[in-house]
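Engineer: I'm passing along run-v3.cif; it holds mmCIF, C-alpha atoms and all ligand atoms.
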data_start
loop_
_atom_site.label_atom_id
_atom_site.label_comp_id
_atom_site.auth_asym_id
_atom_site.auth_seq_id
_atom_site.Cartn_x
_atom_site.Cartn_y
_atom_site.Cartn_z
CA MET J 1 -37.76 4.48 -1.56
CA SER J 2 -35.27 7.01 -2.86
CA VAL J 3 -35.27 7.01 -6.63
CA SER J 4 -32.29 8.43 -8.39
CA LYS J 5 -31.88 8.87 -12.10
CA ALA J 6 -28.40 10.36 -11.83
CA SER J 7 -25.74 8.22 -13.36
CA VAL J 8 -22.13 8.22 -12.27
CA GLU J 9 -19.31 8.93 -14.71
CA LEU J 10 -16.72 6.25 -14.33
CA PRO J 11 -13.44 5.99 -16.24
CA ILE J 12 -13.36 3.41 -19.03
CA LEU J 13 -9.89 1.91 -19.01
CA ASP J 14 -8.36 0.16 -22.01
CA ILE J 15 -7.18 -3.02 -20.33
CA SER J 16 -5.37 -4.30 -23.45
CA GLN J 17 -2.67 -1.62 -23.01
CA PRO J 18 -0.32 -0.73 -20.18
CA LEU J 19 -2.07 2.15 -18.39
CA SER J 20 -0.55 5.61 -18.76
CA PRO J 21 0.17 7.64 -15.61
CA SER J 22 -2.96 9.71 -16.24
CA SER J 23 -5.14 6.58 -16.57
CA LEU J 24 -3.61 5.20 -13.37
CA SER J 25 -4.53 8.36 -11.60
CA LEU J 26 -8.13 8.16 -12.92
CA LEU J 27 -8.18 4.57 -11.69
CA ALA J 28 -6.93 5.57 -8.24
CA ASP J 29 -9.58 8.30 -7.96
CA ALA J 30 -12.39 5.98 -9.08
CA CYS J 31 -11.30 3.26 -6.63
CA ARG J 32 -11.13 5.70 -3.75
CA LYS J 33 -14.35 7.50 -4.46
CA TRP J 34 -16.65 4.86 -5.97
CA GLY J 35 -14.88 1.51 -5.86
CA PHE J 36 -16.20 1.07 -9.42
CA PHE J 37 -14.79 1.59 -12.94
CA HIS J 38 -15.20 0.22 -16.47
CA ILE J 39 -12.78 -1.75 -18.64
CA LYS J 40 -12.83 -2.05 -22.41
CA ASN J 41 -10.92 -4.11 -24.98
CA HIS J 42 -11.17 -7.05 -22.61
CA GLY J 43 -11.22 -9.58 -25.43
CA ILE J 44 -14.70 -11.05 -24.91
CA SER J 45 -16.90 -10.70 -27.96
CA LYS J 46 -20.63 -10.00 -28.14
CA ASP J 47 -20.98 -13.40 -29.74
CA ILE J 48 -19.79 -15.08 -26.53
CA TYR J 49 -22.30 -13.07 -24.49
CA ASN J 50 -25.11 -13.92 -26.90
CA LYS J 51 -24.29 -17.61 -26.60
CA LEU J 52 -24.00 -17.46 -22.82
CA HIS J 53 -27.28 -15.58 -22.65
CA SER J 54 -29.21 -18.06 -24.76
CA PHE J 55 -27.79 -21.13 -22.99
CA SER J 56 -28.55 -19.54 -19.63
CA ASN J 57 -32.11 -18.76 -20.78
CA GLU J 58 -32.57 -22.39 -21.64
CA ILE J 59 -31.59 -23.34 -18.10
CA PHE J 60 -33.59 -20.64 -16.32
CA SER J 61 -36.69 -21.54 -18.39
CA LEU J 62 -36.74 -25.09 -17.03
CA PRO J 63 -39.51 -25.88 -14.52
CA SER J 64 -38.65 -25.03 -10.90
CA GLU J 65 -38.68 -28.69 -9.84
CA THR J 66 -35.99 -29.41 -12.40
CA LYS J 67 -33.83 -26.46 -11.35
CA LEU J 68 -34.13 -27.51 -7.72
CA LYS J 69 -32.25 -30.71 -8.58
CA ILE J 70 -29.15 -28.53 -8.34
CA GLY J 71 -30.65 -26.19 -5.73
CA PRO J 72 -29.70 -25.39 -2.12
CA LEU J 73 -30.92 -28.74 -0.79
CA SER J 74 -29.01 -30.81 -3.35
CA SER J 75 -25.44 -31.97 -3.04
CA LEU J 76 -24.35 -29.80 -5.97
CA ASN J 77 -25.93 -26.61 -4.60
CA THR J 78 -25.13 -24.52 -7.68
CA TYR J 79 -28.58 -22.99 -8.18
CA THR J 80 -30.22 -20.39 -5.92
CA PRO J 81 -33.95 -20.08 -6.63
CA HIS J 82 -36.25 -17.06 -6.35
CA PHE J 83 -37.17 -15.77 -2.89
CA ILE J 84 -33.75 -16.26 -1.32
CA ALA J 85 -31.95 -13.10 -2.37
CA SER J 86 -35.19 -11.56 -3.70
CA PRO J 87 -38.46 -12.69 -5.31
CA PHE J 88 -37.12 -11.56 -8.69
CA PHE J 89 -33.65 -13.10 -8.68
CA GLU J 90 -32.25 -16.56 -9.39
CA THR J 91 -28.64 -17.49 -9.99
CA LEU J 92 -26.40 -20.31 -11.18
CA ARG J 93 -22.91 -20.70 -9.74
CA VAL J 94 -19.98 -22.02 -11.78
CA SER J 95 -16.81 -22.61 -9.78
CA GLY J 96 -13.24 -22.26 -11.01
CA PRO J 97 -10.60 -23.12 -11.90
CA ASN J 98 -12.30 -26.06 -13.62
CA PHE J 99 -15.28 -24.07 -14.89
CA LEU J 100 -16.00 -26.75 -17.48
CA ALA J 101 -16.44 -29.54 -14.92
CA SER J 102 -18.52 -27.32 -12.65
CA ALA J 103 -20.88 -26.17 -15.44
CA GLN J 104 -21.07 -29.66 -16.90
CA SER J 105 -22.12 -31.29 -13.64
CA SER J 106 -24.98 -28.78 -13.29
CA ALA J 107 -26.04 -29.29 -16.91
CA ASP J 108 -25.88 -33.09 -16.62
CA SER J 109 -28.15 -33.11 -13.56
CA LEU J 110 -30.59 -30.65 -15.10
CA PHE J 111 -30.94 -32.46 -18.38
CA ASN J 112 -30.72 -35.91 -16.82
CA GLN J 113 -28.18 -37.14 -19.28
CA LYS J 114 -24.79 -36.29 -20.64
CA SER J 115 -25.59 -32.99 -22.27
CA PRO J 116 -23.58 -31.32 -25.01
CA HIS J 117 -20.47 -29.53 -23.91
CA GLN J 118 -20.78 -26.22 -25.72
CA PHE J 119 -22.14 -24.27 -22.74
CA SER J 120 -19.47 -25.66 -20.42
CA GLU J 121 -16.73 -25.02 -22.94
CA ILE J 122 -17.73 -21.40 -23.35
CA LEU J 123 -17.84 -21.02 -19.58
CA GLN J 124 -14.33 -22.44 -19.32
CA GLU J 125 -13.14 -19.93 -21.89
CA TYR J 126 -15.01 -17.13 -20.11
CA GLY J 127 -13.70 -18.13 -16.67
CA ASP J 128 -10.12 -18.30 -17.97
CA LYS J 129 -10.47 -14.85 -19.52
CA MET J 130 -11.90 -13.44 -16.28
CA THR J 131 -9.00 -14.95 -14.34
CA GLU J 132 -6.49 -13.33 -16.65
CA LEU J 133 -8.34 -10.00 -16.53
CA SER J 134 -8.52 -10.07 -12.73
CA ARG J 135 -4.75 -10.51 -12.51
CA LYS J 136 -4.23 -7.55 -14.84
CA ILE J 137 -6.74 -5.45 -12.92
CA ILE J 138 -5.08 -6.16 -9.56
CA LYS J 139 -1.69 -5.30 -11.06
CA ASN J 140 -3.00 -1.97 -12.30
CA ILE J 141 -4.72 -1.19 -9.02
CA LEU J 142 -1.47 -1.93 -7.16
CA MET J 143 0.40 0.38 -9.55
CA SER J 144 -2.15 3.08 -8.89
CA LEU J 145 -1.61 2.76 -5.12
CA GLY J 146 2.12 3.35 -5.15
CA GLU J 147 5.27 3.10 -7.18
CA GLY J 148 6.58 -0.44 -7.43
CA PHE J 149 3.65 -1.87 -5.45
CA ASP J 150 2.79 -4.26 -8.29
CA THR J 151 6.20 -5.94 -8.25
CA LYS J 152 6.26 -5.90 -4.46
CA TYR J 153 2.82 -7.32 -3.77
CA HIS J 154 1.31 -8.96 -6.83
CA GLU J 155 3.19 -12.25 -6.54
CA SER J 156 3.58 -12.30 -2.80
CA HIS J 157 -0.03 -11.50 -1.89
CA PHE J 158 -2.27 -12.23 -4.88
CA LYS J 159 -0.79 -15.23 -6.68
CA ASN J 160 -3.12 -17.78 -5.02
CA CYS J 161 -6.30 -15.82 -5.66
CA HIS J 162 -9.11 -17.78 -7.28
CA GLY J 163 -12.54 -17.09 -8.75
CA TYR J 164 -16.06 -18.24 -9.47
CA LEU J 165 -18.89 -17.09 -11.71
CA ARG J 166 -22.51 -16.33 -10.98
CA ILE J 167 -24.97 -16.17 -13.86
CA ASN J 168 -27.90 -14.03 -12.75
CA ASN J 169 -31.45 -13.90 -14.08
CA TYR J 170 -33.76 -11.11 -12.90
CA THR J 171 -37.48 -11.55 -13.58
CA PRO J 172 -39.44 -8.40 -12.67
CA PRO J 173 -43.12 -8.53 -11.71
CA GLU J 174 -45.31 -8.27 -14.82
CA THR J 175 -46.93 -5.03 -13.78
CA LEU J 176 -44.53 -2.31 -12.81
CA GLY J 177 -45.72 1.21 -12.14
CA GLU J 178 -43.83 4.16 -13.64
CA ASP J 179 -42.00 5.02 -10.45
CA GLU J 180 -41.87 1.55 -9.04
CA GLU J 181 -38.35 0.19 -8.77
CA PRO J 182 -38.31 -3.05 -6.79
CA GLU J 183 -34.94 -4.40 -5.74
CA GLY J 184 -33.82 -7.31 -7.87
CA LEU J 185 -30.82 -7.67 -5.59
CA GLY J 186 -30.71 -5.79 -2.31
CA MET J 187 -27.91 -3.57 -1.08
CA HIS J 188 -24.69 -5.46 -0.42
CA THR J 189 -20.93 -5.31 -0.65
CA ASP J 190 -18.99 -8.04 -2.45
CA MET J 191 -16.76 -10.37 -0.45
CA SER J 192 -14.16 -10.53 -3.24
CA CYS J 193 -10.93 -8.67 -3.92
CA VAL J 194 -12.40 -7.56 -7.27
CA THR J 195 -15.61 -8.43 -9.11
CA ILE J 196 -16.03 -8.16 -12.90
CA VAL J 197 -19.63 -7.75 -14.05
CA TYR J 198 -21.21 -8.02 -17.46
CA GLN J 199 -24.63 -6.37 -17.38
CA ASP J 200 -26.94 -6.42 -20.39
CA GLN J 201 -28.49 -3.22 -21.80
CA THR J 202 -31.41 -3.25 -19.31
CA GLY J 203 -29.57 -1.22 -16.64
CA GLY J 204 -30.55 -0.98 -12.99
CA LEU J 205 -27.18 -1.49 -11.29
CA GLN J 206 -26.66 1.24 -8.68
CA VAL J 207 -23.89 2.28 -6.31
CA LYS J 208 -24.31 4.22 -3.10
CA SER J 209 -22.38 7.48 -3.01
CA SER J 210 -20.53 8.49 0.13
CA ALA J 211 -23.32 11.02 0.67
CA GLY J 212 -25.77 8.10 0.78
CA ASP J 213 -27.55 8.55 -2.60
CA TRP J 214 -28.14 5.75 -5.07
CA VAL J 215 -26.62 6.48 -8.47
CA ASP J 216 -26.91 4.43 -11.65
CA ILE J 217 -24.05 2.58 -13.26
CA ALA J 218 -25.41 2.76 -16.77
CA PRO J 219 -24.59 -0.02 -19.24
CA CYS J 220 -21.88 1.21 -21.47
CA ASP J 221 -21.85 -0.03 -25.03
CA GLU J 222 -18.34 0.25 -26.38
CA SER J 223 -19.41 -0.42 -29.91
CA GLU J 224 -21.21 2.93 -29.80
CA SER J 225 -18.00 4.69 -28.83
CA GLU J 226 -14.92 5.13 -30.98
CA SER J 227 -13.51 1.86 -29.85
CA GLU J 228 -12.84 -0.79 -32.48
CA SER J 229 -13.91 -3.66 -30.33
CA ASP J 230 -17.28 -5.31 -30.85
CA SER J 231 -18.17 -5.70 -27.21
CA GLU J 232 -19.52 -3.88 -24.22
CA ALA J 233 -17.38 -2.42 -21.49
CA LEU J 234 -17.39 -4.47 -18.30
CA VAL J 235 -18.00 -3.11 -14.83
CA VAL J 236 -15.30 -3.74 -12.21
CA ASN J 237 -15.78 -3.19 -8.50
CA ILE J 238 -13.60 -3.50 -5.43
CA GLY J 239 -14.71 -6.03 -2.82
CA ASP J 240 -14.34 -6.16 0.96
CA LEU J 241 -11.13 -8.20 0.94
CA LEU J 242 -9.28 -5.55 -1.04
CA GLN J 243 -10.77 -2.74 1.02
CA ALA J 244 -9.35 -4.37 4.17
CA TRP J 245 -6.02 -5.26 2.49
CA SER J 246 -5.60 -1.64 1.34
CA ASN J 247 -6.56 -0.22 4.74
CA ASP J 248 -9.53 1.60 3.15
CA ARG J 249 -7.51 3.21 0.36
CA LEU J 250 -9.74 1.23 -2.00
CA ARG J 251 -13.46 1.34 -1.42
CA SER J 252 -15.83 -1.63 -1.40
CA SER J 253 -19.08 0.19 -2.12
CA GLU J 254 -22.59 -0.82 -1.30
CA HIS J 255 -24.49 -1.56 -4.47
CA ARG J 256 -27.79 -3.11 -5.59
CA VAL J 257 -29.88 -3.84 -8.68
CA VAL J 258 -33.29 -2.24 -9.22
CA LEU J 259 -35.87 -3.33 -11.81
CA ARG J 260 -37.59 -0.81 -14.06
CA ARG J 261 -40.07 -0.59 -16.87
CA PRO J 262 -40.26 -2.11 -19.38
CA ALA J 263 -40.53 -5.16 -17.16
CA ILE J 264 -38.18 -7.41 -19.07
CA ASN J 265 -35.73 -9.99 -17.82
CA ARG J 266 -32.28 -8.74 -16.95
CA PHE J 267 -29.21 -10.90 -17.43
CA SER J 268 -25.81 -10.45 -15.81
CA ILE J 269 -22.69 -12.48 -15.12
CA ALA J 270 -20.48 -11.67 -12.14
CA PHE J 271 -16.98 -13.03 -11.62
CA PHE J 272 -15.69 -12.89 -8.05
CA TRP J 273 -11.91 -13.00 -7.58
CA GLY J 274 -10.60 -13.36 -4.06
CA PHE J 275 -7.84 -14.58 -1.76
CA GLU J 276 -7.32 -18.24 -0.93
CA ASP J 277 -9.21 -19.38 2.18
CA GLU J 278 -6.20 -19.62 4.48
CA LYS J 279 -4.75 -16.19 3.61
CA VAL J 280 -4.28 -13.87 6.55
CA VAL J 281 -5.53 -10.50 5.32
CA SER J 282 -3.46 -7.67 6.71
CA ALA J 283 -2.45 -4.41 5.04
CA PRO J 284 1.33 -4.17 4.47
CA GLU J 285 3.05 -1.35 6.41
CA GLU J 286 3.85 0.53 3.24
CA VAL J 287 0.24 0.44 2.10
CA VAL J 288 -0.94 1.81 5.45
CA GLY J 289 1.69 4.56 5.04
CA ASP J 290 3.74 6.52 7.54
CA GLY J 291 1.71 7.60 10.50
CA GLY J 292 -1.38 5.86 9.14
CA LYS J 293 -3.67 4.01 11.51
CA ARG J 294 -4.32 0.35 10.94
CA LEU J 295 -8.07 0.11 10.41
CA TYR J 296 -8.47 -3.67 10.54
CA LYS J 297 -7.21 -6.48 12.72
CA PRO J 298 -5.53 -9.21 10.66
CA PHE J 299 -8.09 -11.92 9.83
CA VAL J 300 -8.20 -15.25 8.06
CA CYS J 301 -10.04 -14.93 4.74
CA SER J 302 -12.31 -17.98 5.20
CA ASP J 303 -13.37 -16.74 8.65
CA TYR J 304 -14.76 -13.62 7.04
CA LEU J 305 -16.49 -15.59 4.28
CA LYS J 306 -18.08 -17.84 6.94
CA PHE J 307 -19.16 -14.78 8.91
CA ARG J 308 -21.00 -13.54 5.82
CA GLU J 309 -22.25 -16.85 4.50
CA ASN J 310 -23.61 -18.32 7.68
CA ASP J 311 -27.03 -18.26 6.12
CA GLU J 312 -28.15 -18.30 2.53
CA ARG J 313 -29.61 -14.79 2.71
CA GLY J 314 -26.43 -13.27 4.06
CA LYS J 315 -24.64 -14.13 0.84
CA PHE J 316 -26.67 -11.68 -1.12
CA GLU J 317 -28.91 -9.36 0.66
CA LYS J 318 -29.04 -6.39 2.94
CA VAL J 319 -25.88 -7.22 4.75
CA GLY J 320 -26.02 -5.54 8.09
CA PHE J 321 -22.41 -6.56 8.40
CA THR J 322 -19.34 -6.01 6.29
CA VAL J 323 -15.64 -6.44 6.80
CA ARG J 324 -15.62 -3.35 9.02
CA ASP J 325 -17.97 -5.01 11.47
CA PHE J 326 -15.94 -8.19 11.34
CA ALA J 327 -12.38 -6.95 11.67
CA GLY J 328 -12.54 -3.17 11.84
CA ASN J 329 -10.76 -1.31 14.60
CA ALA J 330 -12.90 1.22 16.40
CA ILE J 331 -11.66 4.15 14.35
CA THR J 332 -12.56 3.85 10.70
CA LYS J 333 -12.03 6.53 8.17
CA ASP J 334 -14.98 7.85 6.20
CA PHE J 335 -14.40 7.83 2.49
CA GLU J 336 -13.91 11.30 1.25
CA GLU J 337 -15.92 12.44 -1.69
CA LYS J 338 -13.42 14.48 -3.63
O1 LIG N 1 -26.40 -8.07 -11.65
C1 LIG N 1 -25.57 -7.17 -11.49
O2 LIG N 1 -25.40 -6.29 -12.33
C2 LIG N 1 -24.74 -7.10 -10.25
C3 LIG N 1 -24.77 -8.34 -9.44
C4 LIG N 1 -24.04 -8.21 -8.14
O3 LIG N 1 -23.84 -7.15 -7.60
C5 LIG N 1 -23.56 -9.43 -7.50
O4 LIG N 1 -23.86 -10.54 -8.00
O5 LIG N 1 -22.85 -9.31 -6.47
FE FE N 2 -22.35 -7.37 -6.02
#
Turn this file's structure into structure tokens for me.

Structural biologist:
Amino acid sequence: MSVSKASVELPILDISQPLSPSSLSLLADACRKWGFFHIKNHGISKDIYNKLHSFSNEIFSLPSETKLKIGPLSSLNTYTPHFIASPFFETLRVSGPNFLASAQSSADSLFNQKSPHQFSEILQEYGDKMTELSRKIIKNILMSLGEGFDTKYHESHFKNCHGYLRINNYTPPETLGEDEEPEGLGMHTDMSCVTIVYQDQTGGLQVKSSAGDWVDIAPCDESESESESDSEALVVNIGDLLQAWSNDRLRSSEHRVVLRRPAINRFSIAFFWGFEDEKVVSAPEEVVGDGGKRLYKPFVCSDYLKFRENDERGKFEKVGFTVRDFAGNAITKDFEEK
């Protein structure tokens, strides 16, 4: 296994402000080279994360039989147990736009009664914030691609996007050797347009460079920087849908999560924001640019999701296939590392 301790320097963008031309250019570079960047001043406090973390712990600490009431063989199917994506990973899905109803139906089944609403209410607030942030992020990415692209494409292409949350719990094996770094979540690309990830201070998220090396995306605690906010910067990454829509001008990078010593649980929340099912994904002429080659055949969004989700493993792990295999024309451009 290749072990890399190098950590990539990603821009940290202040999402509460309109981005300056120099920040837009940092954003464009990061999206082309890594498909990853950080955002700060996103308006979600540490207090919210602490609450989400402790409620989630309560759920993940329930006996397996209880959790399986909402597992893959149940009608709800919001919980994915260990040994599907990896032996060390379990996850709870909360679907939007009614995050409250989705979280509440899982909680009610788990606790076998009408349970208190606080967890669901916080998830509604969190989901709404993520939705708003995703819109802002897409707008900024469009601005970074070309002048006037946000007004041209934001409404016409992205207004029906929608999102869901996954709350992830990584439980490493109790004995972990010094150089042992088992995969908590295997290499994959996201099927979204953009994904917003909160990772706790444990670390272990890695992105593959265009040269093929794994590099760390270190947790970035804003409260340690000069920022006034009391929260951590969030990780944002480009998903396959936006890579195809942008004709590879934006990169959907392979990434994974490795587990390290000390062998403690790792907690993360990912928000996936993507096109509506029926959307035909096709890069606009102007995005492809004069003389540019079209790298993907137009495809229907849900057909790609089905292609990836045809079995439970394919959703998470070691995807042999990405959007390039699904809709790519023979000639695909390699991402330059500049
Ligand atoms: O747990 C993380 O930090 C990342 C999770 C992830 O990549 C995913 O859920 O797609
Ligand atoms: Fe991911």

Engineer: What residues have any atom no more than 7 Å from ligand FE 2 (chain N) when counting only C-alpha atoms and all ligand atoms, and can you list them as a VMD selection string?

Structural biologist: chain J and resid 188 to 190 255 to 256

Engineer: Would you mind reading off the distance between atom CA of J:Tyr198 and atom CA of J:Asp179, one decimal, in Å?

Structural biologist: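 Going from atom CA of J:Tyr198 over to atom CA of J:Asp179, I get 25.5 Å.
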
Engineer: Can you tell me which residues surround stretch 41-52 of chain J at a distance of at most 7 Å, considering only C-alpha atoms, apart from same-chain residues fewer than 2 positions away, and format the answer as a list in words?

Structural biologist: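 Here the qualifying residues turn out to be Asp14, Ile15, Ser16, Ile39, Ser54, Phe55, Ser56, Ser229, Asp230 and Ser231 of chain J.
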
Engineer: Using only C-alpha atoms, please write the residues we just selected to a file, as an mmCIF file, in the frame of the given file.

Structural biologist:
data_model
loop_
_atom_site.group_PDB
_atom_site.id
_atom_site.type_symbol
_atom_site.label_atom_id
_atom_site.label_comp_id
_atom_site.auth_asym_id
_atom_site.auth_seq_id
_atom_site.Cartn_x
_atom_site.Cartn_y
_atom_site.Cartn_z
ATOM 1 C CA ASP J 14 -8.360 0.160 -22.010
ATOM 2 C CA ILE J 15 -7.180 -3.020 -20.330
ATOM 3 C CA SER J 16 -5.370 -4.300 -23.450
ATOM 4 C CA ILE J 39 -12.780 -1.750 -18.640
ATOM 5 C CA SER J 54 -29.210 -18.060 -24.760
ATOM 6 C CA PHE J 55 -27.790 -21.130 -22.990
ATOM 7 C CA SER J 56 -28.550 -19.540 -19.630
ATOM 8 C CA SER J 229 -13.910 -3.660 -30.330
ATOM 9 C CA ASP J 230 -17.280 -5.310 -30.850
ATOM 10 C CA SER J 231 -18.170 -5.700 -27.210
#

Engineer: Which one is closest to J:Ile141: J:Ser192, J:Ser25, J:Asn57, J:Asn112? Count all atoms listed in the file.

Structural biologist: J:Ser25

Engineer: Pick out the residues sitting within 12 Å of J:Pro11, and hand them over as a list in words; count only C-alpha atoms, and ignore anything fewer than 5 positions along from it in its own chain.

Structural biologist: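 What passes the distance filter is Ser22, Ser23, Leu24, Ser25, Leu26, Leu27, Ala28, Asp29, Ala30, Cys31, Lys33, Trp34, Gly35, Phe36, Phe37, His38, Ile39, Lys40, Ile217, Cys220, Ala233, Leu234, Val235 and Val236 of chain J.
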
Engineer: Expressed in Å to a single decimal, how great is the separation between atom CA of J:Arg251 and atom CA of J:Glu276?

Structural biologist: 20.5 Å
